[in-house]
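K.L.:
Contents of query-v8.cif (mmCIF, C-alpha atoms) are given next:
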data_structure
#
loop_
_atom_site.label_atom_id
_atom_site.label_comp_id
_atom_site.auth_asym_id
_atom_site.auth_seq_id
_atom_site.Cartn_x
_atom_site.Cartn_y
_atom_site.Cartn_z
CA MET A 202 0.00 0.00 0.00
CA ILE A 203 1.12 3.52 -0.79
CA ARG A 204 -0.36 7.00 -0.57
CA VAL A 205 0.65 9.87 -2.82
CA HIS A 206 0.00 13.59 -2.77
CA VAL A 207 -0.28 14.85 -6.34
CA ARG A 208 -0.60 18.36 -7.81
CA PHE A 209 -1.92 18.58 -11.37
CA ILE A 210 -1.08 21.80 -13.22
CA GLY A 211 -2.59 22.91 -16.52
CA ARG A 212 -6.18 23.19 -17.79
CA VAL A 213 -7.61 21.22 -14.87
CA GLN A 214 -10.34 23.43 -13.43
CA GLY A 215 -13.73 23.95 -15.04
CA VAL A 216 -13.32 20.79 -17.16
CA GLY A 217 -14.73 18.08 -14.88
CA PHE A 218 -11.33 17.05 -13.56
CA ARG A 219 -12.44 16.33 -9.98
CA PHE A 220 -15.33 14.13 -11.09
CA PHE A 221 -13.04 12.42 -13.61
CA ALA A 222 -10.71 11.74 -10.64
CA GLN A 223 -13.56 10.28 -8.61
CA MET A 224 -14.58 8.02 -11.50
CA ASN A 225 -10.99 6.80 -11.97
CA ALA A 226 -10.53 6.27 -8.23
CA GLU A 227 -13.49 3.90 -8.31
CA ARG A 228 -12.15 2.22 -11.44
CA TYR A 229 -8.72 1.59 -9.89
CA HIS A 230 -9.96 0.96 -6.33
CA VAL A 231 -8.07 3.78 -4.64
CA THR A 232 -9.18 5.94 -1.72
CA GLY A 233 -8.41 9.58 -1.01
CA TRP A 234 -9.65 12.96 -2.12
CA VAL A 235 -9.34 15.66 -4.80
CA LYS A 236 -9.64 19.45 -4.48
CA ASN A 237 -9.38 22.60 -6.62
CA MET A 238 -6.75 25.07 -5.45
CA PRO A 239 -6.88 28.89 -5.65
CA ASP A 240 -3.84 28.94 -7.98
CA GLY A 241 -5.73 27.00 -10.68
CA SER A 242 -4.15 23.62 -9.96
CA VAL A 243 -5.87 20.55 -8.56
CA VAL A 244 -4.43 18.50 -5.70
CA ALA A 245 -5.29 14.94 -4.81
CA GLU A 246 -4.25 12.24 -2.42
CA ALA A 247 -4.62 8.65 -3.57
CA GLN A 248 -4.06 5.48 -1.56
CA GLY A 249 -4.06 1.83 -2.51
CA ALA A 250 -1.89 -0.90 -3.96
CA LYS A 251 1.04 0.65 -5.85
CA PRO A 252 -0.06 -0.56 -9.31
CA GLN A 253 -3.56 0.84 -8.80
CA VAL A 254 -2.28 4.20 -7.54
CA ASP A 255 0.14 4.40 -10.49
CA HIS A 256 -2.72 3.63 -12.94
CA PHE A 257 -4.90 6.25 -11.25
CA VAL A 258 -2.24 8.98 -11.53
CA SER A 259 -1.43 7.99 -15.10
CA SER A 260 -5.10 8.11 -16.11
CA MET A 261 -5.37 11.59 -14.62
CA GLU A 262 -2.30 12.77 -16.55
CA THR A 263 -3.88 11.57 -19.79
CA GLY A 264 -7.24 13.13 -18.91
CA HIS A 265 -10.03 13.45 -21.45
CA ARG A 266 -10.53 15.81 -24.37
CA PHE A 267 -11.11 18.92 -22.21
CA ILE A 268 -8.31 18.26 -19.70
CA LEU A 269 -4.74 19.33 -20.46
CA VAL A 270 -2.26 18.38 -17.74
CA GLU A 271 1.00 20.24 -18.31
CA ARG A 272 2.85 19.16 -15.18
CA VAL A 273 2.44 16.69 -12.32
CA GLU A 274 4.13 16.95 -8.94
CA ARG A 275 4.00 13.69 -6.98
CA GLU A 276 5.19 12.84 -3.47
CA GLU A 277 4.72 9.67 -1.45
CA ILE A 278 3.23 10.38 2.00
CA ASN A 279 2.02 8.46 5.06
CA LEU A 280 -0.96 6.13 4.79
CA GLN A 281 -4.38 7.03 6.23
CA GLU A 282 -5.35 3.79 7.96
CA LYS A 283 -9.14 4.13 8.21
CA GLU A 284 -9.94 5.77 4.90
CA ARG A 285 -12.63 3.89 2.95
CA ASP A 286 -13.60 6.05 -0.04
CA PHE A 287 -12.54 8.74 -2.50
CA ARG A 288 -14.26 12.10 -2.25
CA VAL A 289 -14.36 15.50 -3.89
CA VAL A 290 -13.42 18.20 -1.38
CA TYR A 291 -14.89 21.69 -1.80
#
Take the structure in this file and express it as structure tokens.
P.N.:
Amino acid sequence: MIRVHVRFIGRVQGVGFRFFAQMNAERYHVTGWVKNMPDGSVVAEAQGAKPQVDHFVSSMETGHRFILVERVEREEINLQEKERDFRVVY
């Protein structure tokens, strides 16, 4: 199990990025959260088996036709033991 803190920079707000993240978190069975930041980036924390977390982050980098991720900053952080879902934070 790993947990990563990820900042996505580019055209990531106003394009359904957070809901795309939630959909992919369910697809790859990861827990965590995603949130828009005042600087226009989106941050997320994702936790799960390493291959699933890697697939989740990779799917977010690729995005969909409205998303354009220009840069990703990723850092491994401590696990959250009792987390059970992935949520959009407002």
K.L.:
Enter the distance from atom CA of A:Val289 to atom CA of A:Arg212, in Å, rounded to one decimal.
P.N.:
17.9 Å
K.L.:
Determine the nearest neighbour of A:Gly215 from the options A:Lys251, A:Gly241, A:Arg275, A:Glu284, counting all atoms listed in the file.
P.N.:
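Ranked by minimum distance to A:Gly215, first place goes to A:Gly241.
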K.L.:
Within 6 Å of (-6.0, 17.4, -1.7) (file coordinates; all atoms listed in the file), which protein or nucleic acid residues are there? I'd like them as a PyMOL selection string.
P.N.:
chain A and resi 234-236+244-246
K.L.:
Using atom CA of A:Asp255 and atom CA of A:Tyr291 as the two end points, give the distance in Å to one decimal.
P.N.:
24.5 Å
K.L.:
Report, in Å to a single decimal, how far apart atom CA of A:Arg288 and atom CA of A:Thr232 are.
P.N.:
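Computing it gives 8.0 Å between the two atoms.
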K.L.:
List the residues selected by the PyMOL selection byres ((chain A and resi 257) around 9) in the file shown, writing them as a ChimeraX atom specification.
P.N.:
/A:222,225-226,228-231,247,252-256,258-262
